[in-house]
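What's in entry_39.cif: mmCIF, N, CA and C atoms
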data_work
loop_
_atom_site.label_atom_id
_atom_site.label_comp_id
_atom_site.auth_asym_id
_atom_site.auth_seq_id
_atom_site.Cartn_x
_atom_site.Cartn_y
_atom_site.Cartn_z
N MET A 1 11.01 3.04 -7.82
CA MET A 1 11.26 4.19 -6.98
C MET A 1 12.69 4.08 -6.47
N MET A 2 13.44 5.12 -6.67
CA MET A 2 14.85 5.11 -6.29
C MET A 2 15.05 5.83 -4.96
N GLU A 3 15.94 5.29 -4.15
CA GLU A 3 16.34 5.93 -2.90
C GLU A 3 17.51 6.84 -3.23
N HIS A 4 17.61 7.93 -2.53
CA HIS A 4 18.75 8.82 -2.74
C HIS A 4 20.03 8.10 -2.34
N PRO A 5 21.14 8.36 -3.05
CA PRO A 5 22.39 7.65 -2.78
C PRO A 5 23.05 8.03 -1.45
N ILE A 6 22.69 9.16 -0.88
CA ILE A 6 23.32 9.60 0.36
C ILE A 6 22.39 9.26 1.51
N PRO A 7 22.82 8.44 2.46
CA PRO A 7 21.93 8.11 3.58
C PRO A 7 21.44 9.37 4.30
N GLY A 8 20.17 9.36 4.65
CA GLY A 8 19.59 10.47 5.37
C GLY A 8 19.11 11.60 4.49
N ALA A 9 19.27 11.47 3.17
CA ALA A 9 18.87 12.55 2.27
C ALA A 9 17.38 12.54 1.98
N GLY A 10 16.71 11.46 2.31
CA GLY A 10 15.27 11.39 2.08
C GLY A 10 14.92 10.86 0.72
N GLY A 11 13.85 11.32 0.18
CA GLY A 11 13.38 10.87 -1.12
C GLY A 11 11.97 10.32 -1.01
N ARG A 12 11.36 10.08 -2.14
CA ARG A 12 9.97 9.61 -2.14
C ARG A 12 9.81 8.24 -1.51
N HIS A 13 10.78 7.38 -1.68
CA HIS A 13 10.65 6.04 -1.10
C HIS A 13 10.39 6.11 0.40
N ARG A 14 11.05 7.00 1.06
CA ARG A 14 10.87 7.14 2.52
C ARG A 14 9.51 7.71 2.88
N GLN A 15 8.82 8.28 1.92
CA GLN A 15 7.51 8.86 2.17
C GLN A 15 6.36 7.87 1.95
N THR A 16 6.68 6.67 1.49
CA THR A 16 5.64 5.68 1.27
C THR A 16 5.21 5.06 2.59
N LEU A 17 3.99 4.55 2.62
CA LEU A 17 3.45 3.94 3.83
C LEU A 17 4.22 2.70 4.26
N SER A 18 4.76 1.98 3.31
CA SER A 18 5.42 0.71 3.63
C SER A 18 6.91 0.84 3.97
N TYR A 19 7.48 2.02 3.79
CA TYR A 19 8.91 2.18 4.05
C TYR A 19 9.25 1.86 5.51
N GLY A 20 10.17 0.96 5.71
CA GLY A 20 10.64 0.61 7.04
C GLY A 20 9.67 -0.24 7.84
N GLN A 21 8.60 -0.72 7.20
CA GLN A 21 7.61 -1.52 7.89
C GLN A 21 7.76 -3.00 7.53
N SER A 22 7.40 -3.86 8.45
CA SER A 22 7.34 -5.28 8.15
C SER A 22 6.09 -5.52 7.31
N PRO A 23 6.14 -6.49 6.40
CA PRO A 23 4.96 -6.75 5.57
C PRO A 23 3.80 -7.29 6.40
N ASP A 24 2.60 -6.91 6.00
CA ASP A 24 1.39 -7.41 6.64
C ASP A 24 1.02 -8.71 5.94
N LEU A 25 1.37 -9.82 6.54
CA LEU A 25 1.18 -11.12 5.92
C LEU A 25 -0.27 -11.59 5.93
N SER A 26 -1.15 -10.83 6.57
CA SER A 26 -2.57 -11.19 6.57
C SER A 26 -3.27 -10.72 5.30
N LEU A 27 -2.63 -9.87 4.52
CA LEU A 27 -3.22 -9.34 3.29
C LEU A 27 -2.90 -10.24 2.10
N GLN A 28 -3.81 -10.26 1.14
CA GLN A 28 -3.59 -10.98 -0.10
C GLN A 28 -2.64 -10.15 -0.99
N PRO A 29 -1.83 -10.80 -1.84
CA PRO A 29 -0.93 -10.06 -2.72
C PRO A 29 -1.64 -8.99 -3.55
N ARG A 30 -2.83 -9.29 -4.01
CA ARG A 30 -3.61 -8.32 -4.79
C ARG A 30 -3.91 -7.07 -3.97
N GLN A 31 -4.24 -7.25 -2.69
CA GLN A 31 -4.51 -6.12 -1.81
C GLN A 31 -3.26 -5.28 -1.60
N VAL A 32 -2.14 -5.94 -1.43
CA VAL A 32 -0.87 -5.23 -1.20
C VAL A 32 -0.49 -4.42 -2.44
N LEU A 33 -0.59 -5.03 -3.60
CA LEU A 33 -0.26 -4.32 -4.84
C LEU A 33 -1.16 -3.10 -5.01
N ALA A 34 -2.46 -3.27 -4.78
CA ALA A 34 -3.39 -2.15 -4.92
C ALA A 34 -3.08 -1.05 -3.91
N ARG A 35 -2.78 -1.43 -2.69
CA ARG A 35 -2.46 -0.45 -1.63
C ARG A 35 -1.19 0.33 -1.98
N GLU A 36 -0.18 -0.37 -2.45
CA GLU A 36 1.09 0.28 -2.79
C GLU A 36 0.93 1.24 -3.97
N VAL A 37 0.19 0.81 -4.98
CA VAL A 37 -0.02 1.67 -6.15
C VAL A 37 -0.83 2.91 -5.75
N GLN A 38 -1.85 2.72 -4.92
CA GLN A 38 -2.65 3.86 -4.45
C GLN A 38 -1.79 4.82 -3.62
N ASP A 39 -0.92 4.26 -2.82
CA ASP A 39 -0.02 5.09 -2.01
C ASP A 39 0.88 5.93 -2.91
N LEU A 40 1.44 5.32 -3.94
CA LEU A 40 2.28 6.06 -4.88
C LEU A 40 1.49 7.14 -5.60
N ARG A 41 0.28 6.78 -6.05
CA ARG A 41 -0.57 7.75 -6.75
C ARG A 41 -0.84 8.96 -5.85
N SER A 42 -1.18 8.70 -4.61
CA SER A 42 -1.46 9.80 -3.67
C SER A 42 -0.22 10.66 -3.43
N LEU A 43 0.92 10.01 -3.28
CA LEU A 43 2.17 10.73 -3.05
C LEU A 43 2.49 11.63 -4.24
N TYR A 44 2.39 11.09 -5.45
CA TYR A 44 2.66 11.89 -6.65
C TYR A 44 1.65 13.03 -6.80
N GLN A 45 0.38 12.78 -6.46
CA GLN A 45 -0.62 13.84 -6.55
C GLN A 45 -0.33 14.97 -5.56
N ARG A 46 0.02 14.60 -4.33
CA ARG A 46 0.35 15.63 -3.32
C ARG A 46 1.52 16.49 -3.76
N GLN A 47 2.47 15.88 -4.47
CA GLN A 47 3.65 16.62 -4.89
C GLN A 47 3.46 17.30 -6.25
N GLY A 48 2.29 17.12 -6.83
CA GLY A 48 1.98 17.79 -8.09
C GLY A 48 2.70 17.23 -9.30
N VAL A 49 3.11 15.97 -9.23
CA VAL A 49 3.84 15.37 -10.36
C VAL A 49 3.09 14.19 -10.98
N TYR A 50 1.82 14.03 -10.59
CA TYR A 50 1.03 12.94 -11.14
C TYR A 50 0.46 13.36 -12.49
N THR A 51 1.06 12.87 -13.54
CA THR A 51 0.67 13.21 -14.91
C THR A 51 0.07 11.98 -15.58
N GLU A 52 -0.40 12.17 -16.79
CA GLU A 52 -0.92 11.04 -17.57
C GLU A 52 0.18 10.01 -17.79
N GLY A 53 1.39 10.47 -18.00
CA GLY A 53 2.53 9.55 -18.16
C GLY A 53 2.79 8.74 -16.90
N MET A 54 2.67 9.39 -15.75
CA MET A 54 2.86 8.69 -14.48
C MET A 54 1.76 7.65 -14.29
N LYS A 55 0.54 8.01 -14.66
CA LYS A 55 -0.59 7.08 -14.56
C LYS A 55 -0.31 5.84 -15.42
N ARG A 56 0.15 6.05 -16.64
CA ARG A 56 0.48 4.92 -17.52
C ARG A 56 1.60 4.08 -16.93
N SER A 57 2.57 4.72 -16.31
CA SER A 57 3.68 3.98 -15.70
C SER A 57 3.21 3.09 -14.55
N LEU A 58 2.30 3.61 -13.73
CA LEU A 58 1.77 2.80 -12.63
C LEU A 58 0.92 1.64 -13.17
N GLN A 59 0.17 1.89 -14.23
CA GLN A 59 -0.60 0.81 -14.86
C GLN A 59 0.33 -0.25 -15.42
N SER A 60 1.43 0.18 -16.00
CA SER A 60 2.43 -0.75 -16.53
C SER A 60 3.06 -1.56 -15.40
N LEU A 61 3.31 -0.91 -14.27
CA LEU A 61 3.86 -1.60 -13.11
C LEU A 61 2.94 -2.73 -12.66
N VAL A 62 1.64 -2.47 -12.64
CA VAL A 62 0.67 -3.51 -12.26
C VAL A 62 0.72 -4.66 -13.27
N ARG A 63 0.71 -4.32 -14.56
CA ARG A 63 0.76 -5.36 -15.60
C ARG A 63 2.04 -6.19 -15.49
N LEU A 64 3.17 -5.53 -15.26
CA LEU A 64 4.44 -6.26 -15.13
C LEU A 64 4.42 -7.22 -13.94
N ASN A 65 3.87 -6.78 -12.82
CA ASN A 65 3.77 -7.65 -11.66
C ASN A 65 2.89 -8.85 -11.95
N LYS A 66 1.76 -8.61 -12.61
CA LYS A 66 0.84 -9.70 -12.93
C LYS A 66 1.46 -10.69 -13.91
N SER A 67 2.26 -10.21 -14.85
CA SER A 67 2.88 -11.12 -15.81
C SER A 67 4.08 -11.85 -15.21
N ALA A 68 4.78 -11.21 -14.30
CA ALA A 68 5.94 -11.84 -13.67
C ALA A 68 5.52 -12.87 -12.63
N TRP A 69 4.38 -12.66 -12.01
CA TRP A 69 3.90 -13.54 -10.95
C TRP A 69 2.52 -14.08 -11.33
N VAL A 70 2.46 -14.85 -12.41
CA VAL A 70 1.21 -15.38 -12.95
C VAL A 70 0.43 -16.13 -11.87
N GLY A 71 -0.82 -15.76 -11.71
CA GLY A 71 -1.70 -16.42 -10.77
C GLY A 71 -1.68 -15.86 -9.35
N VAL A 72 -0.64 -15.14 -8.99
CA VAL A 72 -0.50 -14.62 -7.62
C VAL A 72 -1.52 -13.53 -7.33
N PHE A 73 -1.85 -12.72 -8.34
CA PHE A 73 -2.74 -11.59 -8.13
C PHE A 73 -4.18 -11.86 -8.56
N GLU A 74 -4.53 -13.11 -8.74
CA GLU A 74 -5.91 -13.47 -9.12
C GLU A 74 -6.86 -13.21 -7.97
N LYS A 75 -8.12 -12.95 -8.31
CA LYS A 75 -9.16 -12.74 -7.29
C LYS A 75 -9.50 -14.06 -6.63
#
Written form, structure tokens:
Amino acid sequence: MMEHPIPGAGGRHRQTLSYGQSPDLSLQPRQVLAREVQDLRSLYQRQGVYTEGMKRSLQSLVRLNKSAWVGVFEK
């Protein structure tokens, strides 16, 4: 997710639940990843841009996180 280059211009990143928040360290990494992906899915759906391609991209994002951080997202 890209932030607009001009400060104060907004963008989707600023519309996410986690923008500008400190991380909730009581949550497991798996919970955080699921929450963030669900937040993005909801945001894209509200804006009418959630397509099959977007769905595949979010699934790929989850796979990339799991492969980059082996064992971190285990149950």
Members of chain A assigned helix (DSSP H, G or I) by DSSP, as a PyMOL selection string | chain A and resi 12-15+29-46+52-68
Resulting file, chosen residues, N, CA and C atoms, as a tab-separated table (two decimals), in the frame of the given file:
chain	number	residue	atom	x	y	z
A	12	ARG	N	11.36	10.08	-2.14
A	12	ARG	CA	9.97	9.61	-2.14
A	12	ARG	C	9.81	8.24	-1.51
A	13	HIS	N	10.78	7.38	-1.68
A	13	HIS	CA	10.65	6.04	-1.10
A	13	HIS	C	10.39	6.11	0.40
A	14	ARG	N	11.05	7.00	1.06
A	14	ARG	CA	10.87	7.14	2.52
A	14	ARG	C	9.51	7.71	2.88
A	15	GLN	N	8.82	8.28	1.92
A	15	GLN	CA	7.51	8.86	2.17
A	15	GLN	C	6.36	7.87	1.95
A	29	PRO	N	-1.83	-10.80	-1.84
A	29	PRO	CA	-0.93	-10.06	-2.72
A	29	PRO	C	-1.64	-8.99	-3.55
A	30	ARG	N	-2.83	-9.29	-4.01
A	30	ARG	CA	-3.61	-8.32	-4.79
A	30	ARG	C	-3.91	-7.07	-3.97
A	31	GLN	N	-4.24	-7.25	-2.69
A	31	GLN	CA	-4.51	-6.12	-1.81
A	31	GLN	C	-3.26	-5.28	-1.60
A	32	VAL	N	-2.14	-5.94	-1.43
A	32	VAL	CA	-0.87	-5.23	-1.20
A	32	VAL	C	-0.49	-4.42	-2.44
A	33	LEU	N	-0.59	-5.03	-3.60
A	33	LEU	CA	-0.26	-4.32	-4.84
A	33	LEU	C	-1.16	-3.10	-5.01
A	34	ALA	N	-2.46	-3.27	-4.78
A	34	ALA	CA	-3.39	-2.15	-4.92
A	34	ALA	C	-3.08	-1.05	-3.91
A	35	ARG	N	-2.78	-1.43	-2.69
A	35	ARG	CA	-2.46	-0.45	-1.63
A	35	ARG	C	-1.19	0.33	-1.98
A	36	GLU	N	-0.18	-0.37	-2.45
A	36	GLU	CA	1.09	0.28	-2.79
A	36	GLU	C	0.93	1.24	-3.97
A	37	VAL	N	0.19	0.81	-4.98
A	37	VAL	CA	-0.02	1.67	-6.15
A	37	VAL	C	-0.83	2.91	-5.75
A	38	GLN	N	-1.85	2.72	-4.92
A	38	GLN	CA	-2.65	3.86	-4.45
A	38	GLN	C	-1.79	4.82	-3.62
A	39	ASP	N	-0.92	4.26	-2.82
A	39	ASP	CA	-0.02	5.09	-2.01
A	39	ASP	C	0.88	5.93	-2.91
A	40	LEU	N	1.44	5.32	-3.94
A	40	LEU	CA	2.28	6.06	-4.88
A	40	LEU	C	1.49	7.14	-5.60
A	41	ARG	N	0.28	6.78	-6.05
A	41	ARG	CA	-0.57	7.75	-6.75
A	41	ARG	C	-0.84	8.96	-5.85
A	42	SER	N	-1.18	8.70	-4.61
A	42	SER	CA	-1.46	9.80	-3.67
A	42	SER	C	-0.22	10.66	-3.43
A	43	LEU	N	0.92	10.01	-3.28
A	43	LEU	CA	2.17	10.73	-3.05
A	43	LEU	C	2.49	11.63	-4.24
A	44	TYR	N	2.39	11.09	-5.45
A	44	TYR	CA	2.66	11.89	-6.65
A	44	TYR	C	1.65	13.03	-6.80
A	45	GLN	N	0.38	12.78	-6.46
A	45	GLN	CA	-0.62	13.84	-6.55
A	45	GLN	C	-0.33	14.97	-5.56
A	46	ARG	N	0.02	14.60	-4.33
A	46	ARG	CA	0.35	15.63	-3.32
A	46	ARG	C	1.52	16.49	-3.76
A	52	GLU	N	-0.40	12.17	-16.79
A	52	GLU	CA	-0.92	11.04	-17.57
A	52	GLU	C	0.18	10.01	-17.79
A	53	GLY	N	1.39	10.47	-18.00
A	53	GLY	CA	2.53	9.55	-18.16
A	53	GLY	C	2.79	8.74	-16.90
A	54	MET	N	2.67	9.39	-15.75
A	54	MET	CA	2.86	8.69	-14.48
A	54	MET	C	1.76	7.65	-14.29
A	55	LYS	N	0.54	8.01	-14.66
A	55	LYS	CA	-0.59	7.08	-14.56
A	55	LYS	C	-0.31	5.84	-15.42
A	56	ARG	N	0.15	6.05	-16.64
A	56	ARG	CA	0.48	4.92	-17.52
A	56	ARG	C	1.60	4.08	-16.93
A	57	SER	N	2.57	4.72	-16.31
A	57	SER	CA	3.68	3.98	-15.70
A	57	SER	C	3.21	3.09	-14.55
A	58	LEU	N	2.30	3.61	-13.73
A	58	LEU	CA	1.77	2.80	-12.63
A	58	LEU	C	0.92	1.64	-13.17
A	59	GLN	N	0.17	1.89	-14.23
A	59	GLN	CA	-0.60	0.81	-14.86
A	59	GLN	C	0.33	-0.25	-15.42
A	60	SER	N	1.43	0.18	-16.00
A	60	SER	CA	2.43	-0.75	-16.53
A	60	SER	C	3.06	-1.56	-15.40
A	61	LEU	N	3.31	-0.91	-14.27
A	61	LEU	CA	3.86	-1.60	-13.11
A	61	LEU	C	2.94	-2.73	-12.66
A	62	VAL	N	1.64	-2.47	-12.64
A	62	VAL	CA	0.67	-3.51	-12.26
A	62	VAL	C	0.72	-4.66	-13.27
A	63	ARG	N	0.71	-4.32	-14.56
A	63	ARG	CA	0.76	-5.36	-15.60
A	63	ARG	C	2.04	-6.19	-15.49
A	64	LEU	N	3.17	-5.53	-15.26
A	64	LEU	CA	4.44	-6.26	-15.13
A	64	LEU	C	4.42	-7.22	-13.94
A	65	ASN	N	3.87	-6.78	-12.82
A	65	ASN	CA	3.77	-7.65	-11.66
A	65	ASN	C	2.89	-8.85	-11.95
A	66	LYS	N	1.76	-8.61	-12.61
A	66	LYS	CA	0.84	-9.70	-12.93
A	66	LYS	C	1.46	-10.69	-13.91
A	67	SER	N	2.26	-10.21	-14.85
A	67	SER	CA	2.88	-11.12	-15.81
A	67	SER	C	4.08	-11.85	-15.21
A	68	ALA	N	4.78	-11.21	-14.30
A	68	ALA	CA	5.94	-11.84	-13.67
A	68	ALA	C	5.52	-12.87	-12.63
Atom pair CA of His13 (chain A) + atom C of Leu40 (chain A), distance 10.3 Å
Q. Of the candidates A:Glu74, A:Thr16, A:Arg41, A:Ser26, which one gets nearest to Met54 (chain A) if we count only N, CA and C atoms?
A.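 Ranking A:Glu74, A:Thr16, A:Arg41, A:Ser26 by distance to Met54 (chain A), first place goes to A:Arg41.
Here atom N of Val32 (chain A) is placed at a distance of 16.2 Å from atom C of Ser67 (chain A).
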Practice problem: Please identify all polymer residues lying at most 12 Å from the point (1.7, 10.3, -14.2) (file coordinates), using only C-alpha atoms, and present the result as a PyMOL selection string. | Solution: chain A and resi 37+40-45+47-60
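Rounded to one decimal, atom N of Trp69 (chain A) and atom C of Gln28 (chain A) lie 13.3 Å from each other.
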